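One file, my_file_17.cif, is given below (mmCIF, C-alpha atoms).
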data_entry
#
loop_
_atom_site.label_atom_id
_atom_site.label_comp_id
_atom_site.auth_asym_id
_atom_site.auth_seq_id
_atom_site.Cartn_x
_atom_site.Cartn_y
_atom_site.Cartn_z
CA MET A 1 1.75 -1.90 14.60
CA LEU A 2 5.12 -0.19 14.48
CA GLU A 3 5.32 3.45 13.48
CA SER A 4 8.18 5.89 13.14
CA THR A 5 8.18 9.23 14.92
CA VAL A 6 9.00 11.13 11.71
CA TRP A 7 6.47 13.87 10.84
CA THR A 8 3.48 13.19 8.65
CA SER A 9 1.27 15.54 6.68
CA MET A 10 -2.00 15.52 4.79
CA SER A 11 0.00 15.86 1.58
CA SER A 12 1.89 12.61 2.06
CA VAL A 13 1.88 9.96 -0.66
CA VAL A 14 0.78 6.67 0.90
CA LEU A 15 2.55 3.59 -0.49
CA ALA A 16 1.34 0.17 0.70
CA VAL A 17 3.70 -2.79 0.23
CA MET A 18 1.60 -5.95 0.44
CA GLY A 19 3.61 -9.07 1.20
CA ALA A 20 6.49 -7.23 2.83
CA GLY A 21 7.89 -10.46 4.23
CA SER A 22 9.05 -11.44 0.75
CA VAL A 23 12.70 -12.49 0.86
CA ARG A 24 13.03 -11.93 -2.89
CA CYS A 25 11.38 -8.52 -3.11
CA THR A 26 11.56 -6.57 0.12
CA PRO A 27 15.32 -5.98 0.46
CA ALA A 28 15.38 -4.49 -3.05
CA VAL A 29 12.18 -2.51 -2.42
CA VAL A 30 13.32 -0.90 0.83
CA GLY A 31 16.82 -0.38 -0.56
CA SER A 32 15.28 1.49 -3.50
CA LEU A 33 13.02 3.58 -1.26
CA ALA A 34 16.00 4.54 0.88
CA SER A 35 17.31 6.69 -1.98
CA TYR A 36 13.90 7.88 -3.22
CA PHE A 37 13.17 11.54 -2.59
CA GLY A 38 9.94 12.55 -4.30
CA GLU A 39 8.25 15.93 -4.43
CA ARG A 40 5.93 14.91 -1.58
CA HIS A 41 6.61 13.24 1.73
CA MET A 42 6.04 9.48 1.58
CA GLU A 43 4.27 7.28 4.12
CA ILE A 44 5.28 3.66 3.56
CA ARG A 45 3.17 0.88 5.01
CA LEU A 46 4.59 -2.63 5.14
CA TRP A 47 2.10 -5.50 5.49
CA ASP A 48 2.56 -9.23 5.86
CA ALA A 49 0.76 -12.07 7.62
CA ASP A 50 4.09 -13.42 8.91
CA ASP A 51 4.92 -11.31 11.97
CA GLU A 52 8.50 -12.58 12.25
CA ARG A 53 9.44 -11.66 8.69
CA LEU A 54 7.56 -8.37 8.95
CA ASP A 55 9.57 -7.44 12.02
CA LEU A 56 12.86 -8.34 10.31
CA PHE A 57 12.17 -6.18 7.26
CA ASP A 58 10.73 -3.35 9.35
CA ARG A 59 14.04 -3.13 11.18
CA PHE A 60 15.95 -3.39 7.92
CA ALA A 61 13.88 -0.62 6.31
CA ARG A 62 14.48 1.68 9.28
CA LEU A 63 18.21 1.03 9.06
CA CYS A 64 18.28 1.75 5.30
CA PHE A 65 16.23 4.94 5.67
CA MET A 66 18.32 6.20 8.59
CA ALA A 67 21.60 5.43 6.81
CA ASN A 68 20.51 7.35 3.72
CA LYS A 69 18.68 10.14 5.61
CA ALA A 70 15.37 9.29 3.96
CA HIS A 71 12.70 10.89 6.12
CA HIS A 72 9.84 8.60 5.12
CA THR A 73 7.17 7.71 7.64
CA LEU A 74 7.26 3.93 8.09
CA ILE A 75 4.39 1.84 9.45
CA SER A 76 4.54 -1.95 9.68
CA THR A 77 1.30 -3.79 10.38
CA ASP A 78 -0.33 -7.21 10.12
CA SER A 79 -3.69 -5.51 9.45
CA GLU A 80 -4.35 -5.35 5.71
CA SER A 81 -7.13 -2.82 6.28
CA GLU A 82 -4.73 -0.47 8.05
CA ALA A 83 -2.08 -0.90 5.37
CA LEU A 84 -4.47 -0.19 2.50
CA LYS A 85 -6.58 2.60 3.98
CA ASP A 86 -6.38 5.68 1.71
CA ALA A 87 -3.36 4.20 -0.14
CA ASP A 88 -2.32 6.15 -3.24
CA MET A 89 -0.02 3.41 -4.57
CA VAL A 90 0.03 -0.32 -3.83
CA VAL A 91 2.84 -2.77 -4.53
CA PHE A 92 1.82 -6.45 -4.55
CA GLN A 93 4.56 -8.97 -3.79
CA VAL A 94 2.57 -11.63 -1.98
CA GLY A 95 4.31 -14.99 -1.78
CA GLU A 96 3.26 -18.49 -0.72
CA ASN A 97 4.33 -18.08 2.91
CA CYS A 98 2.33 -14.88 3.37
CA ALA A 99 -0.70 -16.26 1.54
CA MET A 100 -0.80 -19.48 3.58
CA LYS A 101 -0.60 -17.63 6.91
CA PHE A 102 -3.17 -15.06 5.79
CA LEU A 103 -5.72 -17.63 4.61
CA ARG A 104 -5.30 -19.70 7.77
CA ARG A 105 -5.82 -16.58 9.85
CA GLU A 106 -8.97 -15.82 7.87
CA ARG A 107 -10.09 -19.43 8.49
CA LYS A 108 -10.49 -20.18 4.81
CA GLN A 109 -11.25 -23.84 4.28
CA GLY A 110 -9.09 -26.16 2.21
CA VAL A 111 -5.91 -24.09 2.34
CA ALA A 112 -3.74 -27.21 2.47
CA ALA A 113 -5.28 -28.46 -0.78
CA LEU A 114 -4.57 -25.27 -2.69
CA GLY A 115 -1.46 -24.90 -4.81
CA SER A 116 0.94 -22.01 -4.32
CA SER A 117 -0.47 -19.89 -7.16
CA ALA A 118 -4.06 -20.49 -6.05
CA MET A 119 -3.29 -19.40 -2.49
CA VAL A 120 -1.56 -16.25 -3.71
CA GLU A 121 -4.39 -15.42 -6.12
CA GLN A 122 -7.04 -15.87 -3.43
CA THR A 123 -5.09 -13.70 -1.01
CA VAL A 124 -4.56 -10.97 -3.61
CA GLU A 125 -8.26 -10.99 -4.49
CA MET A 126 -9.18 -10.49 -0.83
CA LEU A 127 -6.66 -7.67 -0.45
CA VAL A 128 -7.92 -5.90 -3.57
CA GLY A 129 -11.37 -5.84 -1.99
CA LYS A 130 -9.99 -3.56 0.75
CA MET A 131 -7.97 -1.30 -1.54
CA PRO A 132 -9.04 2.20 -2.65
CA ALA A 133 -10.41 2.01 -6.19
CA GLN A 134 -8.25 4.88 -7.39
CA ALA A 135 -4.93 3.49 -6.11
CA LYS A 136 -2.16 2.91 -8.65
CA VAL A 137 -1.11 -0.75 -8.56
CA LEU A 138 2.24 -2.42 -9.30
CA SER A 139 2.84 -6.17 -9.33
CA LEU A 140 6.24 -7.67 -8.58
CA MET A 141 4.75 -11.17 -8.66
CA ALA A 142 4.97 -13.87 -11.31
CA ASP A 143 3.26 -13.17 -14.63
CA ASP A 144 0.73 -15.95 -14.04
CA VAL A 145 -0.65 -14.21 -10.94
CA GLU A 146 -3.23 -11.66 -12.05
CA ILE A 147 -4.51 -8.80 -9.95
CA PRO A 148 -8.29 -8.41 -10.33
CA VAL A 149 -8.42 -4.70 -11.14
CA ALA A 150 -9.18 -3.02 -14.47
CA SER A 151 -5.52 -2.23 -15.10
CA TYR A 152 -2.22 -2.29 -13.28
CA HIS A 153 1.50 -2.21 -13.97
CA ARG A 154 3.96 -5.06 -13.71
CA ILE A 155 7.75 -5.31 -13.41
CA GLY A 156 9.78 -8.51 -13.71
CA TRP A 157 12.00 -7.45 -10.82
CA PRO A 158 13.80 -8.36 -8.60
CA GLU A 159 15.28 -11.49 -10.12
CA ALA A 160 14.22 -14.86 -8.75
CA LEU A 161 16.41 -16.34 -6.02
CA SER A 162 17.79 -19.84 -5.88
CA GLU A 163 16.79 -22.01 -2.94
CA ALA A 164 20.20 -21.40 -1.36
CA GLU A 165 19.83 -17.62 -1.81
CA GLN A 166 16.35 -17.75 -0.24
CA VAL A 167 17.87 -19.35 2.84
CA ALA A 168 20.92 -17.09 2.98
CA LEU A 169 19.32 -13.68 2.40
CA PRO A 170 17.66 -13.26 5.84
CA HIS A 171 21.05 -13.97 7.42
CA THR A 172 22.60 -11.29 5.20
CA VAL A 173 19.93 -8.83 6.38
CA LEU A 174 20.76 -9.71 9.99
CA ARG A 175 24.44 -9.01 9.33
CA TYR A 176 23.49 -5.56 8.03
CA LEU A 177 21.37 -5.00 11.14
CA ASN A 178 24.24 -6.08 13.38
CA GLY A 179 26.70 -3.81 11.59
CA GLU A 180 28.76 -6.74 10.33
CA GLU A 181 28.44 -5.70 6.67
CA TYR A 182 28.55 -2.27 5.05
CA LEU A 183 25.09 -1.11 3.93
CA GLY A 184 26.15 1.77 1.68
CA ASN A 185 26.95 -0.28 -1.42
CA PHE A 186 23.66 -2.19 -1.16
CA VAL A 187 21.61 1.03 -1.29
CA LYS A 188 23.84 2.57 -3.95
CA ASP A 189 23.29 -0.39 -6.28
CA LEU A 190 19.54 0.29 -6.17
CA GLU A 191 19.63 4.01 -6.97
CA LYS A 192 18.30 3.36 -10.49
CA SER A 193 15.84 0.60 -9.70
CA PRO A 194 12.69 0.04 -11.83
CA LEU A 195 10.58 0.62 -8.70
CA LYS A 196 11.84 4.19 -8.44
CA ALA A 197 11.15 4.69 -12.14
CA TRP A 198 7.54 3.52 -11.60
CA LEU A 199 7.08 5.84 -8.63
CA ASN A 200 8.07 8.78 -10.81
CA ASP A 201 6.30 7.57 -13.95
CA PRO A 202 3.96 4.53 -13.78
CA SER A 203 4.01 4.25 -17.57
CA SER A 204 7.66 3.12 -17.32
CA ALA A 205 6.35 -0.35 -16.35
CA GLU A 206 4.39 -2.87 -18.41
CA LEU A 207 0.65 -2.12 -18.45
CA VAL A 208 -1.72 -5.03 -17.85
CA THR A 209 -5.39 -4.56 -18.77
CA ASN A 210 -8.07 -6.97 -17.57
CA ARG A 211 -11.61 -7.68 -18.71
CA LEU A 212 -13.60 -7.64 -15.48
#

Go ahead and express the file in the form of structure tokens.
Amino acid sequence: MLESTVWTSMSSVVLAVMGAGSVRCTPAVVGSLASYFGERHMEIRLWDADDERLDLFDRFARLCFMANKAHHTLISTDSESEALKDADMVVFQVGENCAMKFLRRERKQGVAALGSSAMVEQTVEMLVGKMPAQAKVLSLMADDVEIPVASYHRIGWPEALSEAEQVALPHTVLRYLNGEEYLGNFVKDLEKSPLKAWLNDPSSAELVTNRL
């Protein structure tokens, strides 16, 4: 577990980002949070089953927050229980890579035979079982991946990446970390992101209601 030394308080809003190794989602998510200043202090918990990607985006989040003077508490962990404990808001962005590593770690049988969507759905179902019932939930995943809770919100954002962009984006993040590219414009472009709108007003996103 990695944790910042920034102060915490009992009044903090706890935001859990599940699947924080997502190449498509996480840069836009942390870039948005870097310019988010809510009424209450925010504790952000990044979780992923891929330790290497989690470490990369932990470092990137810290750089974004420091550059924009966002005094969020940041915790990165491979323990889903730690990430979800007492969470007020949960963002699901679980991808195939995370799901495969998570299910293998949990020793679930037949992982290799499952399709991508099935792996993600099984992982999400297991994560929901450890989530506080009252937490507000946002999905950044594909429309065909349902979250098994009574209701949640969904945003079709960020846009899907091409295969070439998937490969290139981690290298772009490394250039930011190495100071080879200017970070300011990246954060500025995300000042009006739909994630920030949801944090301020969940009804700004599409509501999905399930029959459980």

Distance of CA of Ala160 (chain A) from CA of Leu15 (chain A), expressed in Å to one decimal place: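 So the answer is 23.3 Å.
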
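When CA of Leu127 (chain A) is paired with CA of Ile147 (chain A), their separation reads 9.8 Å.
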
Nearby residues (only C-alpha atoms) at most 9 Å from Thr26 (chain A), same-chain spacing under 4 positions excluded, as a count of residues only: 10

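Using all atoms listed in the file, the nearest neighbour of Glu191 (chain A) within the list A:Asn68, A:Met18, A:Ala49, A:Met100 is A:Asn68.
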
Of the listed residues A:Cys25, A:Val90, A:Gln166, A:Glu80, that which approaches Met126 (chain A) most closely, counting all atoms listed in the file: A:Glu80

Per residue of region 124-159 of chain A within 12 Å of region 81-87 of chain A, note the shortest atom pair and the distance in Å to one decimal, counting all atoms listed in the file, and order the rows by chain and increasing residue number, as CSV.
residue,atom,partner,partner_atom,distance
A:Met126,CA,A:Ser81,CA,10.7
A:Leu127,CA,A:Ser81,CA,8.3
A:Val128,CA,A:Leu84,CA,9.0
A:Gly129,CA,A:Ser81,CA,9.8
A:Lys130,CA,A:Ser81,CA,6.3
A:Met131,CA,A:Leu84,CA,5.5
A:Pro132,CA,A:Asp86,CA,6.2
A:Ala133,CA,A:Ala87,CA,9.5
A:Gln134,CA,A:Ala87,CA,8.8
A:Ala135,CA,A:Ala87,CA,6.2
A:Lys136,CA,A:Ala87,CA,8.7
A:Val137,CA,A:Ala87,CA,10.0

Residue with smallest distance to Trp157 (chain A) - pool A:Glu206, A:Asp48, A:Glu39, A:Glu180, counting all atoms listed in the file: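 Smallest distance to Trp157 (chain A) is found for A:Glu206.
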
Closest of A:Asp58, A:Glu96, A:Glu163, A:Asp143 to Gln122 (chain A) - atom-to-atom distances counting only C-alpha atoms: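 Of A:Asp58, A:Glu96, A:Glu163, A:Asp143, the one nearest Gln122 (chain A), counting only C-alpha atoms, is A:Glu96.
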
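Nearest residue to Phe65 (chain A) among A:Tyr152, A:Leu183, A:Cys98, A:Thr77 is A:Leu183, counting all atoms listed in the file.
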
Neighbour residues at most 12 Å from (-4.3, -20.6, -1.7) (all atoms listed in the file) as a PyMOL selection string: chain A and resi 94-104+106-126+145

Nearest to Gly179 (chain A) by atom-to-atom distance, counting all atoms listed in the file, from A:Ala67, A:Val149, A:Leu33, A:Glu165: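 Between A:Ala67, A:Val149, A:Leu33, A:Glu165, the residue approaching Gly179 (chain A) most closely is A:Ala67.
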
Can you list what the PyMOL selection byres ((chain A and resi 189) around 12) grabs from this structure, as a PDB file with C-alpha atoms, in the frame of the given file?
ATOM      1  CA  PRO A  27      15.320  -5.980   0.460  1.00  0.00           C
ATOM      2  CA  ALA A  28      15.380  -4.490  -3.050  1.00  0.00           C
ATOM      3  CA  VAL A  29      12.180  -2.510  -2.420  1.00  0.00           C
ATOM      4  CA  GLY A  31      16.820  -0.380  -0.560  1.00  0.00           C
ATOM      5  CA  SER A  32      15.280   1.490  -3.500  1.00  0.00           C
ATOM      6  CA  ALA A  34      16.000   4.540   0.880  1.00  0.00           C
ATOM      7  CA  SER A  35      17.310   6.690  -1.980  1.00  0.00           C
ATOM      8  CA  LEU A 183      25.090  -1.110   3.930  1.00  0.00           C
ATOM      9  CA  GLY A 184      26.150   1.770   1.680  1.00  0.00           C
ATOM     10  CA  ASN A 185      26.950  -0.280  -1.420  1.00  0.00           C
ATOM     11  CA  PHE A 186      23.660  -2.190  -1.160  1.00  0.00           C
ATOM     12  CA  VAL A 187      21.610   1.030  -1.290  1.00  0.00           C
ATOM     13  CA  LYS A 188      23.840   2.570  -3.950  1.00  0.00           C
ATOM     14  CA  LEU A 190      19.540   0.290  -6.170  1.00  0.00           C
ATOM     15  CA  GLU A 191      19.630   4.010  -6.970  1.00  0.00           C
ATOM     16  CA  LYS A 192      18.300   3.360 -10.490  1.00  0.00           C
ATOM     17  CA  SER A 193      15.840   0.600  -9.700  1.00  0.00           C
ATOM     18  CA  PRO A 194      12.690   0.040 -11.830  1.00  0.00           C
TER      19      PRO A 194
END

Spatial neighbours of Arg45 (chain A), max dist 6 Å, all atoms listed in the file, sep filter under 3 positions, as number ranges by chain: A: 16, 74-76, 83

Coordinates-based distance that separates CA of Pro148 (chain A) from CA of Trp198 (chain A) (Å, one decimal): 19.9 Å

Selection result of the PyMOL selection byres ((chain A and resi 210) around 8) on this file, as number ranges by chain: A: 148-151, 208-209, 211-212

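Here the PyMOL selection byres ((chain A and resi 13) around 8) matches the residues Ser11, Ser12, Val14, Leu15, Arg40, His41, Met42, Glu43, Ala87, Asp88 and Met89 of chain A.
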
How about saving the chosen residues, C-alpha atoms kept, as a compact mmCIF listing (two decimals), keeping the file's coordinate frame?
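After the write, out.txt holds the following:
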# COMPACT_ATOMS: atom_id res chain seq x y z
CA SER A 11 0.00 15.86 1.58
CA SER A 12 1.89 12.61 2.06
CA VAL A 14 0.78 6.67 0.90
CA LEU A 15 2.55 3.59 -0.49
CA ARG A 40 5.93 14.91 -1.58
CA HIS A 41 6.61 13.24 1.73
CA MET A 42 6.04 9.48 1.58
CA GLU A 43 4.27 7.28 4.12
CA ALA A 87 -3.36 4.20 -0.14
CA ASP A 88 -2.32 6.15 -3.24
CA MET A 89 -0.02 3.41 -4.57

Would you mind exporting region 108-140 of chain A with N, CA and C atoms, as a JSON list (two decimals), in the first residue's frame?
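Written output follows (part.json):
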[["chain", "number", "residue", "atom", "x", "y", "z"],
["A", 108, "LYS", "N", -9.91, -18.61, -9.09],
["A", 108, "LYS", "CA", -11.17, -18.99, -9.72],
["A", 108, "LYS", "C", -10.87, -19.92, -10.89],
["A", 109, "GLN", "N", -11.62, -20.99, -10.98],
["A", 109, "GLN", "CA", -11.37, -21.98, -12.01],
["A", 109, "GLN", "C", -11.91, -21.52, -13.37],
["A", 110, "GLY", "N", -11.26, -21.98, -14.42],
["A", 110, "GLY", "CA", -11.76, -21.74, -15.77],
["A", 110, "GLY", "C", -11.62, -20.32, -16.26],
["A", 111, "VAL", "N", -10.68, -19.57, -15.72],
["A", 111, "VAL", "CA", -10.51, -18.18, -16.14],
["A", 111, "VAL", "C", -10.16, -18.10, -17.62],
["A", 112, "ALA", "N", -9.30, -19.02, -18.08],
["A", 112, "ALA", "CA", -8.85, -18.98, -19.48],
["A", 112, "ALA", "C", -10.01, -19.19, -20.45],
["A", 113, "ALA", "N", -11.05, -19.88, -20.00],
["A", 113, "ALA", "CA", -12.18, -20.17, -20.88],
["A", 113, "ALA", "C", -13.20, -19.04, -20.92],
["A", 114, "LEU", "N", -13.09, -18.10, -20.01],
["A", 114, "LEU", "CA", -14.05, -17.00, -19.97],
["A", 114, "LEU", "C", -13.71, -15.95, -21.03],
["A", 115, "GLY", "N", -14.72, -15.33, -21.57],
["A", 115, "GLY", "CA", -14.49, -14.20, -22.46],
["A", 115, "GLY", "C", -14.19, -12.95, -21.66],
["A", 116, "SER", "N", -13.79, -11.89, -22.33],
["A", 116, "SER", "CA", -13.43, -10.65, -21.66],
["A", 116, "SER", "C", -14.57, -10.10, -20.81],
["A", 117, "SER", "N", -15.76, -10.01, -21.40],
["A", 117, "SER", "CA", -16.91, -9.45, -20.67],
["A", 117, "SER", "C", -17.26, -10.29, -19.45],
["A", 118, "ALA", "N", -17.18, -11.62, -19.61],
["A", 118, "ALA", "CA", -17.52, -12.52, -18.50],
["A", 118, "ALA", "C", -16.54, -12.37, -17.35],
["A", 119, "MET", "N", -15.26, -12.21, -17.67],
["A", 119, "MET", "CA", -14.26, -12.01, -16.62],
["A", 119, "MET", "C", -14.51, -10.71, -15.87],
["A", 120, "VAL", "N", -14.78, -9.65, -16.63],
["A", 120, "VAL", "CA", -15.03, -8.35, -16.01],
["A", 120, "VAL", "C", -16.28, -8.41, -15.14],
["A", 121, "GLU", "N", -17.34, -9.03, -15.63],
["A", 121, "GLU", "CA", -18.59, -9.11, -14.87],
["A", 121, "GLU", "C", -18.40, -9.90, -13.59],
["A", 122, "GLN", "N", -17.66, -11.00, -13.64],
["A", 122, "GLN", "CA", -17.42, -11.79, -12.45],
["A", 122, "GLN", "C", -16.60, -11.01, -11.43],
["A", 123, "THR", "N", -15.60, -10.29, -11.91],
["A", 123, "THR", "CA", -14.77, -9.48, -11.02],
["A", 123, "THR", "C", -15.60, -8.39, -10.37],
["A", 124, "VAL", "N", -16.40, -7.69, -11.16],
["A", 124, "VAL", "CA", -17.23, -6.61, -10.63],
["A", 124, "VAL", "C", -18.20, -7.15, -9.58],
["A", 125, "GLU", "N", -18.79, -8.30, -9.85],
["A", 125, "GLU", "CA", -19.73, -8.90, -8.89],
["A", 125, "GLU", "C", -19.04, -9.19, -7.56],
["A", 126, "MET", "N", -17.82, -9.69, -7.61],
["A", 126, "MET", "CA", -17.07, -9.97, -6.38],
["A", 126, "MET", "C", -16.70, -8.70, -5.65],
["A", 127, "LEU", "N", -16.37, -7.65, -6.38],
["A", 127, "LEU", "CA", -16.03, -6.37, -5.75],
["A", 127, "LEU", "C", -17.25, -5.74, -5.10],
["A", 128, "VAL", "N", -18.39, -5.81, -5.76],
["A", 128, "VAL", "CA", -19.63, -5.25, -5.20],
["A", 128, "VAL", "C", -19.95, -5.88, -3.85],
["A", 129, "GLY", "N", -19.62, -7.16, -3.71],
["A", 129, "GLY", "CA", -19.88, -7.85, -2.46],
["A", 129, "GLY", "C", -19.09, -7.30, -1.28],
["A", 130, "LYS", "N", -18.05, -6.52, -1.55],
["A", 130, "LYS", "CA", -17.23, -5.93, -0.48],
["A", 130, "LYS", "C", -17.44, -4.42, -0.36],
["A", 131, "MET", "N", -18.42, -3.91, -1.07],
["A", 131, "MET", "CA", -18.66, -2.46, -1.13],
["A", 131, "MET", "C", -19.75, -2.06, -0.15],
["A", 132, "PRO", "N", -19.63, -0.91, 0.51],
["A", 132, "PRO", "CA", -20.71, -0.44, 1.38],
["A", 132, "PRO", "C", -22.01, -0.27, 0.59],
["A", 133, "ALA", "N", -23.11, -0.71, 1.18],
["A", 133, "ALA", "CA", -24.39, -0.70, 0.47],
["A", 133, "ALA", "C", -24.83, 0.71, 0.09],
["A", 134, "GLN", "N", -24.43, 1.69, 0.87],
["A", 134, "GLN", "CA", -24.90, 3.05, 0.64],
["A", 134, "GLN", "C", -24.02, 3.85, -0.32],
["A", 135, "ALA", "N", -22.93, 3.25, -0.80],
["A", 135, "ALA", "CA", -22.00, 3.99, -1.67],
["A", 135, "ALA", "C", -22.66, 4.36, -2.99],
["A", 136, "LYS", "N", -22.37, 5.56, -3.46],
["A", 136, "LYS", "CA", -22.81, 5.99, -4.80],
["A", 136, "LYS", "C", -21.87, 5.36, -5.81],
["A", 137, "VAL", "N", -22.42, 4.83, -6.91],
["A", 137, "VAL", "CA", -21.63, 4.06, -7.87],
["A", 137, "VAL", "C", -21.69, 4.69, -9.25],
["A", 138, "LEU", "N", -20.52, 4.78, -9.90],
["A", 138, "LEU", "CA", -20.42, 5.27, -11.27],
["A", 138, "LEU", "C", -19.67, 4.23, -12.10],
["A", 139, "SER", "N", -20.20, 3.92, -13.27],
["A", 139, "SER", "CA", -19.53, 3.00, -14.20],
["A", 139, "SER", "C", -18.96, 3.77, -15.38],
["A", 140, "LEU", "N", -17.68, 3.51, -15.66],
["A", 140, "LEU", "CA", -17.04, 4.03, -16.86],
["A", 140, "LEU", "C", -16.80, 2.89, -17.85]]
